[in-house]
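Data file: coords.txt. Format and content: compact mmCIF, C-alpha atoms.
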```txt
# COMPACT_ATOMS: atom_id res chain seq x y z
CA MET A 1 69.47 12.48 86.99
CA SER A 2 66.89 15.06 86.86
CA GLN A 3 67.21 14.97 83.22
CA LEU A 4 66.81 11.34 83.37
CA LEU A 5 63.63 11.67 85.39
CA THR A 6 62.20 14.21 82.97
CA VAL A 7 62.92 11.91 80.10
CA ALA A 8 61.41 8.98 82.03
CA ALA A 9 58.33 11.09 82.89
CA GLU A 10 57.94 12.07 79.25
CA GLU A 11 58.22 8.46 78.23
CA MET A 12 55.39 7.56 80.57
CA GLU A 13 53.04 10.01 78.91
CA ASN A 14 51.24 8.50 75.98
CA PRO A 15 51.57 10.68 72.89
CA LEU A 16 48.23 9.49 71.55
CA ILE A 17 46.20 10.71 74.50
CA PRO A 18 46.11 14.51 74.62
CA PRO A 19 46.30 16.37 77.88
CA ILE A 20 42.96 16.85 79.64
CA PRO A 21 42.79 20.68 79.41
CA GLU A 22 43.34 20.51 75.64
CA LEU A 23 40.71 17.79 75.40
CA VAL A 24 38.12 19.91 77.30
CA ILE A 25 38.84 23.03 75.22
CA GLY A 26 38.60 21.02 71.97
CA LEU A 27 35.34 19.43 73.09
CA ILE A 28 33.80 22.84 73.97
CA ALA A 29 34.93 24.28 70.60
CA PHE A 30 33.48 21.26 68.80
CA LEU A 31 30.14 21.64 70.59
CA ILE A 32 30.00 25.35 69.70
CA VAL A 33 30.73 24.65 66.01
CA PHE A 34 28.32 21.68 65.98
CA GLY A 35 25.59 23.79 67.61
CA PHE A 36 26.11 26.59 65.09
CA LEU A 37 26.00 24.13 62.18
CA ALA A 38 22.92 22.39 63.57
CA LYS A 39 21.04 25.68 64.09
CA LYS A 40 22.04 27.61 60.98
CA LEU A 41 23.47 25.36 58.29
CA LEU A 42 21.60 22.08 58.77
CA PRO A 43 18.08 23.52 58.18
CA ASN A 44 19.29 25.15 54.96
CA ILE A 45 20.86 21.88 53.81
CA ASN A 46 17.68 19.96 54.68
CA LYS A 47 15.59 22.55 52.82
CA VAL A 48 17.74 22.25 49.68
CA LEU A 49 17.63 18.44 49.92
CA ASP A 50 13.82 18.49 50.30
CA GLU A 51 13.46 20.81 47.30
CA ARG A 52 15.74 18.57 45.26
CA ARG A 53 13.78 15.45 46.33
CA GLU A 54 10.47 17.14 45.42
CA ALA A 55 11.87 18.23 42.06
CA ILE A 56 13.08 14.71 41.36
CA GLU A 57 9.77 13.17 42.44
CA GLY A 58 7.85 15.74 40.36
CA GLY A 59 10.12 15.00 37.41
CA ILE A 60 9.52 11.29 37.82
CA GLU A 61 5.75 11.88 38.01
CA LYS A 62 5.91 14.10 34.94
CA ALA A 63 8.01 11.49 33.14
CA ASP A 64 5.52 8.78 34.11
CA ALA A 65 2.63 10.94 32.89
CA ALA A 66 4.48 11.72 29.67
CA GLN A 67 5.30 8.05 29.19
CA THR A 68 1.65 7.10 29.80
CA GLU A 69 0.51 9.76 27.34
CA ALA A 70 3.11 8.65 24.80
CA GLN A 71 1.94 5.05 25.19
CA SER A 72 -1.66 6.18 24.68
CA VAL A 73 -0.72 8.15 21.56
CA LEU A 74 1.28 5.19 20.29
CA GLU A 75 -1.73 2.92 20.74
CA GLN A 76 -3.92 5.44 18.90
CA TYR A 77 -1.42 5.62 16.04
CA LYS A 78 -1.23 1.84 15.89
CA ALA A 79 -5.03 1.65 15.78
CA GLN A 80 -5.15 4.30 13.05
CA LEU A 81 -2.43 2.50 11.12
CA ALA A 82 -4.29 -0.79 11.39
CA GLU A 83 -7.50 0.93 10.27
CA ALA A 84 -5.67 2.55 7.35
CA ARG A 85 -4.21 -0.81 6.33
CA HIS A 86 -7.66 -2.38 6.56
CA GLU A 87 -9.12 0.45 4.47
CA ALA A 88 -6.33 0.11 1.90
CA ALA A 89 -6.94 -3.64 1.67
CA ARG A 90 -10.67 -3.04 1.25
CA MET A 91 -10.05 -0.43 -1.45
CA ARG A 92 -7.60 -2.75 -3.20
CA GLN A 93 -10.20 -5.55 -3.10
CA GLU A 94 -12.88 -3.22 -4.50
CA ALA A 95 -10.51 -2.09 -7.24
CA GLN A 96 -9.77 -5.71 -8.16
CA GLU A 97 -13.49 -6.51 -8.22
CA GLN A 98 -14.19 -3.44 -10.35
CA GLY A 99 -11.32 -4.43 -12.63
CA VAL A 100 -12.80 -7.90 -13.08
CA VAL A 101 -16.23 -6.39 -13.83
CA ILE A 102 -14.73 -3.94 -16.32
CA ILE A 103 -12.77 -6.72 -18.01
CA GLN A 104 -15.93 -8.84 -18.28
CA GLU A 105 -17.86 -5.88 -19.68
CA MET A 106 -15.08 -5.17 -22.19
CA ARG A 107 -14.99 -8.80 -23.24
CA ALA A 108 -18.77 -8.85 -23.67
CA GLU A 109 -18.60 -5.60 -25.67
CA GLY A 110 -15.77 -6.99 -27.79
CA GLN A 111 -17.73 -10.21 -28.37
CA ARG A 112 -20.82 -8.20 -29.35
CA GLN A 113 -18.80 -6.02 -31.72
CA ARG A 114 -17.14 -9.11 -33.18
CA GLU A 115 -20.54 -10.69 -33.78
CA GLU A 116 -21.76 -7.47 -35.43
CA ILE A 117 -18.69 -7.32 -37.65
CA ILE A 118 -19.04 -10.99 -38.59
CA ALA A 119 -22.76 -10.55 -39.32
CA ALA A 120 -22.04 -7.44 -41.39
CA GLY A 121 -19.27 -9.31 -43.19
CA HIS A 122 -21.56 -12.25 -43.97
CA ALA A 123 -24.25 -9.86 -45.22
CA GLN A 124 -21.70 -8.04 -47.36
CA ILE A 125 -20.33 -11.30 -48.70
CA GLU A 126 -23.86 -12.52 -49.48
CA ALA A 127 -24.68 -9.23 -51.23
CA ASP A 128 -21.38 -9.36 -53.14
CA ARG A 129 -22.01 -13.00 -54.05
CA LYS A 130 -25.49 -12.19 -55.34
CA ALA A 131 -24.15 -9.19 -57.25
CA ALA A 132 -21.32 -11.29 -58.68
CA SER A 133 -23.74 -14.11 -59.53
CA SER A 134 -26.08 -11.69 -61.27
CA ALA A 135 -23.22 -10.04 -63.16
CA LEU A 136 -21.80 -13.45 -64.02
CA ARG A 137 -25.19 -14.67 -65.27
CA GLN A 138 -25.51 -11.63 -67.42
CA ASP A 139 -22.00 -11.93 -68.81
CA VAL A 140 -22.31 -15.69 -69.34
CA GLY A 141 -25.71 -15.13 -70.99
CA THR A 142 -24.29 -12.51 -73.31
CA LEU A 143 -21.28 -14.64 -74.17
CA ALA A 144 -23.37 -17.76 -74.64
CA THR A 145 -25.82 -15.91 -76.87
CA ALA A 146 -23.00 -14.46 -78.93
CA LEU A 147 -21.32 -17.85 -79.20
CA ALA A 148 -24.58 -19.56 -80.06
CA GLY A 149 -25.26 -16.85 -82.62
CA LYS A 150 -21.89 -17.44 -84.24
CA LEU A 151 -22.44 -21.18 -84.28
CA VAL A 152 -25.92 -20.95 -85.72
CA GLY A 153 -25.03 -18.14 -87.98
CA GLU A 154 -27.91 -15.87 -87.08
CA SER A 155 -28.41 -13.27 -84.37
CA LEU A 156 -30.16 -14.36 -81.21
CA GLU A 157 -31.05 -10.92 -80.00
CA ASP A 158 -34.44 -11.70 -78.51
CA HIS A 159 -33.77 -10.64 -74.98
CA ALA A 160 -36.67 -12.40 -73.25
CA ARG A 161 -35.89 -15.72 -74.88
CA GLN A 162 -32.21 -15.24 -74.28
CA SER A 163 -32.72 -14.53 -70.55
CA GLY A 164 -34.99 -17.50 -70.09
CA THR A 165 -32.59 -19.86 -71.83
CA VAL A 166 -29.56 -18.58 -69.96
CA ASP A 167 -31.35 -18.65 -66.60
CA ARG A 168 -32.55 -22.21 -67.20
CA PHE A 169 -29.06 -23.31 -68.22
CA LEU A 170 -27.39 -21.70 -65.20
CA ASP A 171 -30.01 -23.11 -62.79
CA GLU A 172 -29.29 -26.57 -64.12
CA LEU A 173 -25.56 -26.03 -63.62
CA GLU A 174 -26.10 -24.86 -60.04
CA ALA A 175 -28.30 -27.84 -59.27
CA LYS A 176 -25.64 -30.21 -60.61
CA ALA A 177 -22.92 -28.43 -58.59
CA GLU A 178 -24.92 -28.70 -55.38
CA ALA A 179 -25.71 -32.34 -56.01
CA VAL A 180 -21.98 -33.05 -56.32
CA ARG A 181 -21.24 -31.46 -52.95
```
Whole structure, structure tokens version:
Amino acid sequence: MSQLLTVAAEEMENPLIPPIPELVIGLIAFLIVFGFLAKKLLPNINKVLDERREAIEGGIEKADAAQTEAQSVLEQYKAQLAEARHEAARMRQEAQEQGVVIIQEMRAEGQRQREEIIAAGHAQIEADRKAASSALRQDVGTLATALAGKLVGESLEDHARQSGTVDRFLDELEAKAEAVR
């Protein structure tokens, strides 16, 4: 029965609740370890955490400053690009205007040269026509005199009379030709 009582007494003890002396010793050991950690380890941990937080905040501030600077530089580049595009458009417009002026000048110069060439051509044609007319008059006069001399049977070598007759004859022919036109 004593064994039975020991077993019954053991059954009455709850295995989840430790005995009081073990609980007191565990609590004292816990407080010693907690005190040591709070005095020695916790300040070091807090110091490292503070340094890390400051580094992160400084990094964020630096990143914000860098981002602000990058945005400013981007705006400057955009302004420069817009100015360069405006300048290029202005230069292109000036080049087009200069091209139009040059084309007009070239056309005027070409027209002037054409007029000079035409005038020179007309003068040359008129000179050639007069030269041909004079040569033709002389040849026709010589042929007519020779033919008339053969028909009459005597020589008509009197040059002054021959020229006057031939000139009168040719003038009459020209007047008839112009009247027909």
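Here atom CA of Gly35 of chain A stands at a distance of 22.2 Å from atom CA of Ile20 of chain A.
Reported to one decimal place, the separation of atom CA of Ala179 of chain A from atom CA of Arg129 of chain A is 19.8 Å.
Put simply, atom CA of Met106 of chain A is 27.9 Å away from atom CA of Glu87 of chain A.
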Would you mind putting all heavy atoms back on segment 105-116 of chain A and writing the result as a PDB file, in the coordinates of the input?
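Contents of result_3.pdb, freshly written:
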```pdb
ATOM      1  N   GLU A 105     -17.067  -6.762 -18.826  1.00  0.00           N
ATOM      2  CA  GLU A 105     -17.860  -5.880 -19.680  1.00  0.00           C
ATOM      3  C   GLU A 105     -17.157  -5.643 -21.015  1.00  0.00           C
ATOM      4  O   GLU A 105     -17.800  -5.650 -22.076  1.00  0.00           O
ATOM      5  CB  GLU A 105     -18.130  -4.548 -18.987  1.00  0.00           C
ATOM      6  CG  GLU A 105     -19.102  -4.642 -17.834  1.00  0.00           C
ATOM      7  CD  GLU A 105     -19.245  -3.329 -17.077  1.00  0.00           C
ATOM      8  OE1 GLU A 105     -18.517  -2.356 -17.406  1.00  0.00           O
ATOM      9  OE2 GLU A 105     -20.075  -3.276 -16.160  1.00  0.00           O
ATOM     10  N   MET A 106     -15.847  -5.413 -20.951  1.00  0.00           N
ATOM     11  CA  MET A 106     -15.080  -5.170 -22.190  1.00  0.00           C
ATOM     12  C   MET A 106     -15.079  -6.415 -23.082  1.00  0.00           C
ATOM     13  O   MET A 106     -15.189  -6.311 -24.298  1.00  0.00           O
ATOM     14  CB  MET A 106     -13.654  -4.737 -21.848  1.00  0.00           C
ATOM     15  CG  MET A 106     -13.589  -3.396 -21.126  1.00  0.00           C
ATOM     16  SD  MET A 106     -14.302  -2.072 -22.081  1.00  0.00           S
ATOM     17  CE  MET A 106     -12.910  -1.624 -23.043  1.00  0.00           C
ATOM     18  N   ARG A 107     -14.956  -7.562 -22.452  1.00  0.00           N
ATOM     19  CA  ARG A 107     -14.990  -8.800 -23.240  1.00  0.00           C
ATOM     20  C   ARG A 107     -16.350  -8.974 -23.897  1.00  0.00           C
ATOM     21  O   ARG A 107     -16.444  -9.353 -25.065  1.00  0.00           O
ATOM     22  CB  ARG A 107     -14.682 -10.003 -22.353  1.00  0.00           C
ATOM     23  CG  ARG A 107     -13.224 -10.153 -22.058  1.00  0.00           C
ATOM     24  CD  ARG A 107     -12.947 -11.415 -21.292  1.00  0.00           C
ATOM     25  NE  ARG A 107     -11.512 -11.528 -21.013  1.00  0.00           N
ATOM     26  CZ  ARG A 107     -11.001 -12.264 -20.084  1.00  0.00           C
ATOM     27  NH1 ARG A 107     -11.787 -12.982 -19.307  1.00  0.00           N
ATOM     28  NH2 ARG A 107      -9.695 -12.302 -19.896  1.00  0.00           N
ATOM     29  N   ALA A 108     -17.424  -8.725 -23.115  1.00  0.00           N
ATOM     30  CA  ALA A 108     -18.770  -8.850 -23.670  1.00  0.00           C
ATOM     31  C   ALA A 108     -18.966  -7.851 -24.816  1.00  0.00           C
ATOM     32  O   ALA A 108     -19.533  -8.199 -25.866  1.00  0.00           O
ATOM     33  CB  ALA A 108     -19.821  -8.623 -22.586  1.00  0.00           C
ATOM     34  N   GLU A 109     -18.494  -6.619 -24.618  1.00  0.00           N
ATOM     35  CA  GLU A 109     -18.600  -5.600 -25.670  1.00  0.00           C
ATOM     36  C   GLU A 109     -17.789  -6.014 -26.893  1.00  0.00           C
ATOM     37  O   GLU A 109     -18.243  -5.874 -28.038  1.00  0.00           O
ATOM     38  CB  GLU A 109     -18.119  -4.247 -25.136  1.00  0.00           C
ATOM     39  CG  GLU A 109     -18.167  -3.116 -26.134  1.00  0.00           C
ATOM     40  CD  GLU A 109     -19.567  -2.741 -26.565  1.00  0.00           C
ATOM     41  OE1 GLU A 109     -20.539  -3.062 -25.849  1.00  0.00           O
ATOM     42  OE2 GLU A 109     -19.690  -2.127 -27.643  1.00  0.00           O
ATOM     43  N   GLY A 110     -16.600  -6.517 -26.666  1.00  0.00           N
ATOM     44  CA  GLY A 110     -15.770  -6.990 -27.790  1.00  0.00           C
ATOM     45  C   GLY A 110     -16.431  -8.145 -28.524  1.00  0.00           C
ATOM     46  O   GLY A 110     -16.413  -8.195 -29.761  1.00  0.00           O
ATOM     47  N   GLN A 111     -17.027  -9.064 -27.759  1.00  0.00           N
ATOM     48  CA  GLN A 111     -17.730 -10.210 -28.370  1.00  0.00           C
ATOM     49  C   GLN A 111     -18.913  -9.699 -29.198  1.00  0.00           C
ATOM     50  O   GLN A 111     -19.145 -10.170 -30.312  1.00  0.00           O
ATOM     51  CB  GLN A 111     -18.209 -11.168 -27.267  1.00  0.00           C
ATOM     52  CG  GLN A 111     -18.825 -12.436 -27.770  1.00  0.00           C
ATOM     53  CD  GLN A 111     -17.800 -13.375 -28.385  1.00  0.00           C
ATOM     54  OE1 GLN A 111     -16.611 -13.265 -28.135  1.00  0.00           O
ATOM     55  NE2 GLN A 111     -18.264 -14.268 -29.208  1.00  0.00           N
ATOM     56  N   ARG A 112     -19.664  -8.748 -28.628  1.00  0.00           N
ATOM     57  CA  ARG A 112     -20.820  -8.200 -29.350  1.00  0.00           C
ATOM     58  C   ARG A 112     -20.366  -7.500 -30.634  1.00  0.00           C
ATOM     59  O   ARG A 112     -20.943  -7.719 -31.704  1.00  0.00           O
ATOM     60  CB  ARG A 112     -21.564  -7.205 -28.453  1.00  0.00           C
ATOM     61  CG  ARG A 112     -22.860  -6.683 -29.081  1.00  0.00           C
ATOM     62  CD  ARG A 112     -23.459  -5.548 -28.270  1.00  0.00           C
ATOM     63  NE  ARG A 112     -22.597  -4.401 -28.139  1.00  0.00           N
ATOM     64  CZ  ARG A 112     -22.371  -3.485 -29.083  1.00  0.00           C
ATOM     65  NH1 ARG A 112     -22.937  -3.614 -30.260  1.00  0.00           N
ATOM     66  NH2 ARG A 112     -21.573  -2.472 -28.867  1.00  0.00           N
ATOM     67  N   GLN A 113     -19.298  -6.700 -30.534  1.00  0.00           N
ATOM     68  CA  GLN A 113     -18.800  -6.020 -31.720  1.00  0.00           C
ATOM     69  C   GLN A 113     -18.284  -7.016 -32.754  1.00  0.00           C
ATOM     70  O   GLN A 113     -18.486  -6.840 -33.958  1.00  0.00           O
ATOM     71  CB  GLN A 113     -17.687  -5.038 -31.339  1.00  0.00           C
ATOM     72  CG  GLN A 113     -18.187  -3.807 -30.610  1.00  0.00           C
ATOM     73  CD  GLN A 113     -17.054  -2.870 -30.220  1.00  0.00           C
ATOM     74  OE1 GLN A 113     -15.878  -3.179 -30.407  1.00  0.00           O
ATOM     75  NE2 GLN A 113     -17.417  -1.726 -29.648  1.00  0.00           N
ATOM     76  N   ARG A 114     -17.630  -8.075 -32.264  1.00  0.00           N
ATOM     77  CA  ARG A 114     -17.140  -9.110 -33.180  1.00  0.00           C
ATOM     78  C   ARG A 114     -18.293  -9.758 -33.919  1.00  0.00           C
ATOM     79  O   ARG A 114     -18.233  -9.968 -35.142  1.00  0.00           O
ATOM     80  CB  ARG A 114     -16.339 -10.145 -32.397  1.00  0.00           C
ATOM     81  CG  ARG A 114     -15.650 -11.142 -33.303  1.00  0.00           C
ATOM     82  CD  ARG A 114     -14.860 -12.175 -32.517  1.00  0.00           C
ATOM     83  NE  ARG A 114     -15.432 -13.454 -32.881  1.00  0.00           N
ATOM     84  CZ  ARG A 114     -15.890 -14.369 -32.074  1.00  0.00           C
ATOM     85  NH1 ARG A 114     -15.847 -14.173 -30.791  1.00  0.00           N
ATOM     86  NH2 ARG A 114     -16.400 -15.484 -32.510  1.00  0.00           N
ATOM     87  N   GLU A 115     -19.358 -10.073 -33.162  1.00  0.00           N
ATOM     88  CA  GLU A 115     -20.540 -10.690 -33.780  1.00  0.00           C
ATOM     89  C   GLU A 115     -21.160  -9.750 -34.805  1.00  0.00           C
ATOM     90  O   GLU A 115     -21.570 -10.201 -35.886  1.00  0.00           O
ATOM     91  CB  GLU A 115     -21.567 -11.083 -32.706  1.00  0.00           C
ATOM     92  CG  GLU A 115     -21.101 -12.156 -31.746  1.00  0.00           C
ATOM     93  CD  GLU A 115     -20.820 -13.484 -32.443  1.00  0.00           C
ATOM     94  OE1 GLU A 115     -21.499 -13.803 -33.434  1.00  0.00           O
ATOM     95  OE2 GLU A 115     -19.905 -14.202 -31.986  1.00  0.00           O
ATOM     96  N   GLU A 116     -21.218  -8.445 -34.474  1.00  0.00           N
ATOM     97  CA  GLU A 116     -21.760  -7.470 -35.430  1.00  0.00           C
ATOM     98  C   GLU A 116     -20.915  -7.405 -36.687  1.00  0.00           C
ATOM     99  O   GLU A 116     -21.443  -7.365 -37.807  1.00  0.00           O
ATOM    100  CB  GLU A 116     -21.845  -6.083 -34.783  1.00  0.00           C
ATOM    101  CG  GLU A 116     -22.934  -5.926 -33.758  1.00  0.00           C
ATOM    102  CD  GLU A 116     -22.928  -4.542 -33.117  1.00  0.00           C
ATOM    103  OE1 GLU A 116     -22.085  -3.697 -33.497  1.00  0.00           O
ATOM    104  OE2 GLU A 116     -23.775  -4.321 -32.235  1.00  0.00           O
TER     105      GLU A 116
END
```
